[in-house]
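Chemist: Just run-v2.txt, nothing more (compact mmCIF, C-alpha atoms):
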# COMPACT_ATOMS: atom_id res chain seq x y z
CA MET A 1 2.96 33.62 16.93
CA ASN A 2 6.61 33.60 17.85
CA PRO A 3 8.59 35.14 14.93
CA VAL A 4 11.44 32.67 15.44
CA LEU A 5 9.09 29.69 15.08
CA LEU A 6 7.56 31.23 11.97
CA ILE A 7 10.98 31.72 10.38
CA VAL A 8 12.00 28.14 11.23
CA LEU A 9 8.75 26.81 9.76
CA LEU A 10 9.22 28.77 6.53
CA ILE A 11 12.83 27.62 6.17
CA ILE A 12 11.87 23.95 6.64
CA LEU A 13 9.03 24.24 4.12
CA ALA A 14 11.35 25.93 1.61
CA VAL A 15 13.98 23.20 2.00
CA MET A 16 11.37 20.47 1.59
CA ALA A 17 9.97 22.14 -1.53
CA ALA A 18 13.45 22.44 -3.02
CA MET A 19 14.24 18.78 -2.28
CA ILE A 20 11.00 17.61 -3.90
CA ALA A 21 11.59 19.83 -6.96
CA ILE A 22 15.16 18.52 -7.42
CA TYR A 23 13.96 14.95 -6.92
CA ARG A 24 11.23 15.30 -9.53
CA TRP A 25 13.64 16.93 -11.97
CA LEU A 26 16.20 14.13 -11.65
CA ALA A 27 13.77 11.20 -11.46
CA TRP A 28 11.65 11.72 -14.56
CA THR A 29 13.57 9.08 -16.57
CA ARG A 30 13.61 6.44 -13.81
CA GLU A 31 10.68 4.38 -15.14
CA VAL A 32 12.03 4.32 -18.71
CA GLU A 33 15.49 3.27 -17.55
CA GLU A 34 14.07 0.48 -15.39
CA ARG A 35 12.07 -0.89 -18.34
CA LEU A 36 15.16 -0.80 -20.54
CA ALA A 37 17.19 -2.54 -17.84
CA GLU A 38 14.60 -5.32 -17.60
CA SER A 39 14.08 -5.75 -21.33
CA PHE A 40 17.63 -5.44 -22.62
CA LYS A 41 20.05 -7.26 -20.33
CA PRO A 42 23.23 -6.54 -22.37
CA VAL A 43 22.90 -2.81 -21.79
CA ALA A 44 21.88 -3.10 -18.14
CA ALA A 45 25.37 -2.14 -16.93
CA GLU A 46 25.37 1.04 -18.99
CA VAL A 47 21.92 1.97 -17.73
CA ARG A 48 22.97 1.42 -14.13
CA ASN A 49 25.94 3.75 -14.63
CA ARG A 50 23.52 6.51 -15.62
CA ARG A 51 21.25 6.13 -12.60
CA THR A 52 20.06 9.40 -11.18
CA MET A 53 20.33 10.53 -7.57
CA ALA A 54 16.74 9.45 -6.96
CA ALA A 55 17.33 5.97 -8.30
CA GLY A 56 20.45 5.69 -6.14
CA LEU A 57 18.42 6.61 -3.10
CA ASP A 58 15.80 4.00 -4.02
CA SER A 59 18.46 1.31 -4.43
CA ARG A 60 19.89 2.07 -1.00
CA LEU A 61 16.46 1.95 0.57
CA ARG A 62 15.67 -1.35 -1.15
CA ARG A 63 18.54 -2.99 0.73
CA LEU A 64 16.51 -2.64 3.90
CA SER A 65 13.84 -5.23 4.52
CA PHE A 66 11.19 -2.65 5.36
CA ALA A 67 11.85 -0.87 2.04
CA GLU A 68 11.29 -4.08 0.06
CA ARG A 69 8.03 -4.60 1.92
CA LEU A 70 7.06 -0.98 1.31
CA GLU A 71 7.82 -1.29 -2.39
CA ARG A 72 5.44 -4.25 -2.66
CA GLN A 73 2.77 -2.31 -0.78
CA LEU A 74 3.12 0.66 -3.12
CA ALA A 75 2.78 -1.62 -6.13
CA ALA A 76 -0.26 -3.36 -4.64
CA ALA A 77 -1.90 0.01 -3.98
CA ASP A 78 -1.12 1.19 -7.54
CA SER A 79 0.68 4.22 -6.12
CA ASN A 80 2.80 6.45 -8.34
CA LEU A 81 5.18 7.17 -5.45
CA SER A 82 8.54 5.47 -5.18
CA VAL A 83 9.99 4.24 -1.88
CA SER A 84 12.09 7.37 -1.37
CA GLU A 85 9.18 9.67 -2.25
CA PHE A 86 6.95 7.91 0.26
CA VAL A 87 9.59 8.18 2.99
CA MET A 88 10.06 11.88 2.20
CA LEU A 89 6.30 12.38 2.44
CA ARG A 90 6.16 10.74 5.87
CA ILE A 91 9.07 12.82 7.16
CA GLY A 92 7.53 16.02 5.80
CA LEU A 93 4.13 15.38 7.38
CA ALA A 94 5.75 14.43 10.69
CA LEU A 95 7.78 17.66 10.78
CA ALA A 96 4.75 19.71 9.76
CA GLY A 97 2.65 18.13 12.50
CA PHE A 98 5.33 18.74 15.11
CA LEU A 99 5.70 22.40 14.15
CA ALA A 100 1.92 22.87 14.01
CA GLY A 101 1.48 21.47 17.53
CA TRP A 102 4.40 23.56 18.80
CA VAL A 103 3.02 26.77 17.27
CA ILE A 104 -0.58 26.17 18.43
CA ALA A 105 0.19 25.16 22.04
CA GLY A 106 3.43 27.07 22.49
CA VAL A 107 5.42 24.12 23.91
CA PRO A 108 7.46 21.54 21.95
CA ALA A 109 5.86 18.57 23.75
CA ALA A 110 2.48 19.44 22.24
CA GLY A 111 3.86 18.70 18.78
CA VAL A 112 4.85 15.11 19.60
CA PRO A 113 1.32 13.61 19.17
CA LEU A 114 0.90 15.39 15.84
CA LEU A 115 4.38 14.27 14.82
CA ILE A 116 3.38 10.64 15.43
CA LEU A 117 0.08 11.19 13.63
CA GLY A 118 1.83 12.76 10.62
CA TRP A 119 4.25 9.83 10.46
CA LEU A 120 1.50 7.18 10.65
CA LEU A 121 -1.08 8.84 8.41
CA PRO A 122 0.56 8.04 5.01
CA SER A 123 1.04 4.40 6.02
CA PHE A 124 -2.58 4.15 7.12
CA GLN A 125 -3.76 5.72 3.86
CA LEU A 126 -1.54 3.35 1.86
CA ARG A 127 -2.95 0.28 3.62
CA ARG A 128 -6.50 1.55 3.16
CA LYS A 129 -5.95 2.14 -0.56
CA GLN A 130 -4.30 -1.27 -0.92
CA ALA A 131 -7.17 -3.01 0.88
CA LYS A 132 -9.80 -1.22 -1.23
CA ARG A 133 -8.00 -2.04 -4.47
CA ASN A 134 -7.52 -5.66 -3.43
CA LYS A 135 -11.22 -5.89 -2.57
CA ASP A 136 -12.27 -4.37 -5.90
CA PHE A 137 -9.91 -6.71 -7.73
CA GLY A 138 -11.28 -9.75 -5.90
CA ASN A 139 -14.89 -8.76 -6.61
CA GLN A 140 -14.09 -8.48 -10.34
CA LEU A 141 -12.37 -11.86 -10.56
CA PRO A 142 -15.53 -13.96 -11.24
CA ASP A 143 -16.57 -11.69 -14.14
CA MET A 144 -13.01 -11.73 -15.46
CA LEU A 145 -12.95 -15.54 -15.34
CA SER A 146 -16.30 -15.74 -17.13
CA MET A 147 -14.87 -13.53 -19.88
CA LEU A 148 -11.73 -15.66 -20.11
CA VAL A 149 -13.76 -18.88 -20.27
CA GLY A 150 -16.00 -17.46 -22.99
CA SER A 151 -13.03 -16.36 -25.09
CA LEU A 152 -11.23 -19.70 -24.67
CA ARG A 153 -14.32 -21.70 -25.62
CA ALA A 154 -14.74 -19.50 -28.68
CA GLY A 155 -11.36 -20.76 -29.87
CA TYR A 156 -9.14 -17.85 -28.94
CA GLY A 157 -5.76 -18.24 -27.27
CA LEU A 158 -4.91 -17.11 -23.77
CA LEU A 159 -3.20 -13.90 -24.90
CA HIS A 160 -6.20 -12.87 -26.97
CA ALA A 161 -8.51 -13.69 -24.06
CA ILE A 162 -6.39 -11.46 -21.80
CA SER A 163 -6.61 -8.73 -24.43
CA VAL A 164 -10.40 -8.97 -24.30
CA VAL A 165 -10.29 -8.66 -20.51
CA LYS A 166 -8.04 -5.61 -20.82
CA ASP A 167 -10.44 -3.91 -23.22
CA GLU A 168 -13.73 -4.82 -21.53
CA MET A 169 -13.03 -4.84 -17.78
CA PRO A 170 -12.82 -1.61 -15.73
CA ALA A 171 -10.08 -0.76 -13.26
CA PRO A 172 -8.28 -2.32 -11.49
CA ILE A 173 -8.41 -5.56 -13.50
CA GLY A 174 -8.38 -3.93 -16.93
CA PRO A 175 -5.20 -1.86 -16.46
CA GLU A 176 -3.43 -4.71 -14.65
CA PHE A 177 -4.01 -7.15 -17.52
CA GLY A 178 -3.01 -4.41 -19.92
CA ARG A 179 0.31 -4.33 -18.09
CA VAL A 180 0.56 -8.10 -18.52
CA LEU A 181 0.20 -7.65 -22.28
CA ARG A 182 2.84 -4.92 -22.33
CA GLU A 183 5.27 -7.17 -20.48
CA THR A 184 4.72 -9.97 -22.99
CA ALA A 185 5.36 -7.46 -25.79
CA LEU A 186 8.67 -6.59 -24.12
CA GLY A 187 9.80 -10.22 -24.20
CA PHE A 188 8.48 -11.79 -20.99
CA SER A 189 6.66 -15.09 -21.23
CA ILE A 190 2.97 -15.17 -20.38
CA GLY A 191 3.76 -17.16 -17.25
CA ASP A 192 6.32 -14.64 -15.99
CA ALA A 193 3.98 -11.73 -16.71
CA LEU A 194 1.20 -13.41 -14.73
CA ASP A 195 3.61 -14.10 -11.87
CA HIS A 196 4.48 -10.40 -11.82
CA LEU A 197 0.75 -9.64 -11.69
CA VAL A 198 0.39 -11.86 -8.60
CA GLU A 199 3.30 -10.07 -6.91
CA ARG A 200 1.74 -6.67 -7.58
CA VAL A 201 -1.83 -7.46 -6.59
CA GLN A 202 -1.19 -9.93 -3.73
CA ASN A 203 -4.55 -11.67 -4.04
CA ASP A 204 -4.90 -15.33 -3.03
CA ASP A 205 -7.62 -16.08 -5.58
CA LEU A 206 -5.53 -14.62 -8.37
CA ALA A 207 -2.58 -16.75 -7.24
CA LEU A 208 -4.84 -19.81 -7.50
CA ILE A 209 -5.84 -18.86 -11.04
CA VAL A 210 -2.25 -18.31 -12.15
CA THR A 211 -1.20 -21.62 -10.59
CA ALA A 212 -3.96 -23.40 -12.51
CA ILE A 213 -2.74 -21.79 -15.75
CA HIS A 214 0.83 -22.94 -15.05
CA ILE A 215 -0.32 -26.50 -14.36
CA GLN A 216 -2.45 -26.56 -17.51
CA ASN A 217 0.52 -25.39 -19.59
CA GLU A 218 2.61 -28.25 -18.21
CA VAL A 219 0.17 -31.17 -18.18
CA GLY A 220 -2.43 -30.08 -20.73
CA GLY A 221 -6.20 -30.27 -20.45
CA SER A 222 -9.11 -27.90 -20.83
CA LEU A 223 -8.18 -24.56 -19.30
CA ALA A 224 -11.73 -23.26 -19.77
CA GLU A 225 -13.21 -25.98 -17.55
CA VAL A 226 -10.59 -25.43 -14.85
CA LEU A 227 -11.19 -21.68 -14.82
CA GLU A 228 -14.95 -22.18 -14.72
CA THR A 229 -14.62 -24.37 -11.63
CA ILE A 230 -12.37 -21.80 -9.98
CA SER A 231 -14.88 -19.07 -10.85
CA GLN A 232 -17.65 -20.90 -9.01
CA THR A 233 -15.39 -21.39 -5.98
CA ILE A 234 -14.44 -17.72 -5.92
CA ARG A 235 -18.08 -16.63 -6.15
CA GLU A 236 -18.93 -18.77 -3.13
CA ARG A 237 -15.94 -17.38 -1.20
CA ILE A 238 -16.97 -13.80 -1.97
CA GLN A 239 -20.48 -14.51 -0.73
CA LEU A 240 -19.15 -16.11 2.45
CA LYS A 241 -16.73 -13.23 2.98
CA GLY A 242 -19.57 -10.73 2.73
CA GLU A 243 -21.58 -12.61 5.34
CA VAL A 244 -18.57 -12.77 7.70
CA ASN A 245 -17.86 -9.06 7.27
CA ALA A 246 -21.49 -8.22 8.02
CA LEU A 247 -21.48 -10.31 11.21
CA THR A 248 -18.18 -8.89 12.49
CA ALA A 249 -18.66 -5.25 11.39
CA GLN A 250 -19.88 -4.03 14.77
CA ALA A 251 -16.97 -5.61 16.65
CA ARG A 252 -14.39 -4.26 14.20
CA ILE A 253 -15.78 -0.72 14.27
CA THR A 254 -15.99 -0.81 18.07
CA GLY A 255 -12.37 -1.90 18.31
CA SER A 256 -11.21 0.88 15.98
CA ILE A 257 -13.14 3.55 17.88
CA LEU A 258 -11.92 2.37 21.27
CA THR A 259 -8.34 2.32 19.98
CA ALA A 260 -8.38 5.78 18.43
CA LEU A 261 -10.44 7.58 21.09
CA PRO A 262 -7.76 7.79 23.84
CA PHE A 263 -5.13 9.10 21.44
CA LEU A 264 -7.50 11.66 19.90
CA VAL A 265 -8.65 12.93 23.29
CA GLY A 266 -5.06 13.07 24.59
CA THR A 267 -3.92 15.01 21.51
CA ALA A 268 -6.80 17.46 21.84
CA LEU A 269 -6.08 18.04 25.54
CA MET A 270 -2.38 18.47 24.81
CA LEU A 271 -3.17 21.21 22.29
CA LEU A 272 -5.81 22.94 24.44
CA ASN A 273 -4.11 22.70 27.83
CA PRO A 274 -0.55 21.38 27.59
CA GLU A 275 0.27 22.21 31.23
CA TYR A 276 -2.54 19.96 32.43
CA MET A 277 -1.50 17.02 30.23
CA MET A 278 2.18 17.35 31.05
CA GLY A 279 1.37 16.35 34.60
CA ILE A 280 1.23 12.65 33.68
CA PHE A 281 4.53 12.86 31.81
CA GLN A 282 6.58 13.98 34.80
CA PRO A 283 9.60 11.83 35.72
CA GLY A 284 8.82 9.12 38.25
CA TRP A 285 5.81 6.96 38.90
CA PRO A 286 3.32 9.18 36.92
CA LEU A 287 4.93 7.85 33.72
CA ILE A 288 3.41 4.45 34.54
CA ILE A 289 -0.05 5.78 33.70
CA PRO A 290 0.46 6.73 30.00
CA THR A 291 2.81 3.79 29.42
CA ALA A 292 0.34 1.26 30.79
CA ALA A 293 -2.53 2.93 28.91
CA VAL A 294 -0.74 2.71 25.56
CA ILE A 295 0.24 -0.93 26.13
CA MET A 296 -3.29 -1.91 27.15
CA VAL A 297 -4.86 -0.11 24.17
CA ILE A 298 -2.48 -1.79 21.71
CA PHE A 299 -3.00 -5.20 23.30
CA GLY A 300 -6.78 -4.74 23.25
CA ASN A 301 -6.73 -3.75 19.58
CA ILE A 302 -4.65 -6.80 18.66
CA LEU A 303 -6.97 -9.08 20.65
CA MET A 304 -10.07 -7.58 19.05
CA ARG A 305 -8.64 -8.04 15.57
CA LYS A 306 -7.72 -11.67 16.29
CA LEU A 307 -11.23 -12.39 17.54
CA THR A 308 -12.83 -10.94 14.41
CA GLN A 309 -10.32 -12.45 11.96
CA ILE A 310 -11.88 -15.60 10.52
CA GLU A 311 -10.08 -17.91 8.12
CA TYR A 312 -12.18 -19.24 5.26
Is it possible to give me this structure as structure tokens?
Modeler:
Amino acid sequence: MNPVLLIVLLIILAVMAAMIAIYRWLAWTREVEERLAESFKPVAAEVRNRRTMAAGLDSRLRRLSFAERLERQLAAADSNLSVSEFVMLRIGLALAGFLAGWVIAGVPAAGVPLLILGWLLPSFQLRRKQAKRNKDFGNQLPDMLSMLVGSLRAGYGLLHAISVVKDEMPAPIGPEFGRVLRETALGFSIGDALDHLVERVQNDDLALIVTAIHIQNEVGGSLAEVLETISQTIRERIQLKGEVNALTAQARITGSILTALPFLVGTALMLLNPEYMMGIFQPGWPLIIPTAAVIMVIFGNILMRKLTQIEY
């Protein structure tokens, strides 16, 4: 291995480790300060004046539209990372992939595919975790509604029914409703706490349930009967969704394999024989080949997803 590359790699890793250590040291009070700022409005200005460097970085990132979207995704995936931590993780993996490809193949161009892979991998993992958590949450909704209906018909109030759900239901529903109870203890109304739950989870069925609760609070009526009807509807939708997923599984898996295969093979060839692969990246007409291939693969993946995406 080239000693210069090894020294550069060690320096970059040391700088990244130092940045993460400083960030963790300065950011340990961020969650407490945010709760105080939300719960006690008169002292919000004083709390903002004592924001740490990490919180300042988060506030700057939140001004960008992609950061707001990323913050919602992190909340929906129940991730402990903040926006700035997630961005730092993506940058670190991208640099590590680039240096690994450079060191293995001996040419800087070989690190570009791994750089792209390192940048995209955290986002892919975040979406996968968010989808799995959303699926688990949706599958638990009928049981949660049955528990709510039973508690309401036994004469308990909505807050007590939510407390029963928090104690009896496993993750992710149990901890999420526990957070709803904590927000009500901090001064939020039950409606606002449920709206925050919808923003975190981003589940359409949950939004329907919360809307029904809001309407019942305004116009009156039997909330237990409304929730029981919604429970039956959700159970039928879950059954239909399972049938649709089973019928479209082969097409979805085929599309994913066909999309990933060219990039994986190209990355492997770039690492094993970079001189051979660099032939199609020469200036001039050869650049049409990889450019057209990438465009066609992306277009085919989008088309395959649209064909297997069924609204119900």
Chemist: Would you compute the distance between CA of Leu227 in chain A and CA of Gln140 in chain A? Give it in Å to one decimal.
Modeler: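 Result for CA of Leu227 in chain A versus CA of Gln140 in chain A: 14.2 Å, one decimal.
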Chemist: Quick one, how far is CA of Leu158 in chain A from CA of Asn217 in chain A?
Modeler: 10.7 Å
Chemist: Report the distance between CA of Gly187 in chain A and CA of Val164 in chain A in Å, rounded to one decimal place.
Modeler: 20.2 Å
Chemist: What's the 12 Å shell around range 278-284 of chain A, counting all atoms listed in the file, without same-chain residues fewer than 3 positions away, as a compact mmCIF listing (two decimals) with C-alpha atoms, in the coordinates of the input?
Modeler:
# COMPACT_ATOMS: atom_id res chain seq x y z
CA VAL A 107 5.42 24.12 23.91
CA PRO A 108 7.46 21.54 21.95
CA ALA A 109 5.86 18.57 23.75
CA ALA A 110 2.48 19.44 22.24
CA VAL A 112 4.85 15.11 19.60
CA GLY A 266 -5.06 13.07 24.59
CA THR A 267 -3.92 15.01 21.51
CA LEU A 269 -6.08 18.04 25.54
CA MET A 270 -2.38 18.47 24.81
CA LEU A 271 -3.17 21.21 22.29
CA LEU A 272 -5.81 22.94 24.44
CA ASN A 273 -4.11 22.70 27.83
CA PRO A 274 -0.55 21.38 27.59
CA GLU A 275 0.27 22.21 31.23
CA LEU A 287 4.93 7.85 33.72
CA ILE A 288 3.41 4.45 34.54
CA ILE A 289 -0.05 5.78 33.70
CA PRO A 290 0.46 6.73 30.00
CA THR A 291 2.81 3.79 29.42
CA ALA A 292 0.34 1.26 30.79
CA ALA A 293 -2.53 2.93 28.91
Chemist: List the neighbours of Thr248 in chain A out to 12 Å using all atoms listed in the file; skip same-chain residues closer than 3 positions along the sequence, and give me the result as a tab-separated table (two decimals) with C-alpha atoms, in the coordinates of the input.
Modeler:
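New file around-v4.tsv:
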chain	number	residue	atom	x	y	z
A	241	LYS	CA	-16.73	-13.23	2.98
A	242	GLY	CA	-19.57	-10.73	2.73
A	243	GLU	CA	-21.58	-12.61	5.34
A	244	VAL	CA	-18.57	-12.77	7.70
A	245	ASN	CA	-17.86	-9.06	7.27
A	251	ALA	CA	-16.97	-5.61	16.65
A	252	ARG	CA	-14.39	-4.26	14.20
A	253	ILE	CA	-15.78	-0.72	14.27
A	254	THR	CA	-15.99	-0.81	18.07
A	255	GLY	CA	-12.37	-1.90	18.31
A	304	MET	CA	-10.07	-7.58	19.05
A	305	ARG	CA	-8.64	-8.04	15.57
A	306	LYS	CA	-7.72	-11.67	16.29
A	307	LEU	CA	-11.23	-12.39	17.54
A	308	THR	CA	-12.83	-10.94	14.41
A	309	GLN	CA	-10.32	-12.45	11.96
A	310	ILE	CA	-11.88	-15.60	10.52
Chemist: Quick one: residues within 10 Å of Ser231 in chain A, all atoms listed in the file, excluding same-chain residues fewer than 5 positions away - as a PyMOL selection string?
Modeler: chain A and resi 141-146+149+205+209+225-226+236-237
Chemist: Select, counting only C-alpha atoms, all protein, DNA and RNA residues no farther than 12 Å from (-11.3, -23.3, -18.6) in file coordinates, and express the selection as a VMD selection string.
Modeler: chain A and resid 145 to 158 161 209 212 to 213 216 220 to 232
Chemist: Give me the residues of range 201-295 of chain A that have any atom at most 10 Å from an atom of range 62-84 of chain A; for each, the nearest atom pair and the distance in Å, rounded to one decimal. Use only C-alpha atoms, sort by chain and number, and format it as CSV.
Modeler:
residue,atom,partner,partner_atom,distance
A:Val201,CA,A:Ala76,CA,4.8
A:Gln202,CA,A:Ala76,CA,6.7
A:Asn203,CA,A:Ala76,CA,9.4
Chemist: Which residue is closest to His160 in chain A? Choose from A:Leu181, A:Leu303, A:Ala246, A:Leu261 and count all atoms listed in the file.
Modeler: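 Result for the nearest residue to His160 in chain A: A:Leu181.
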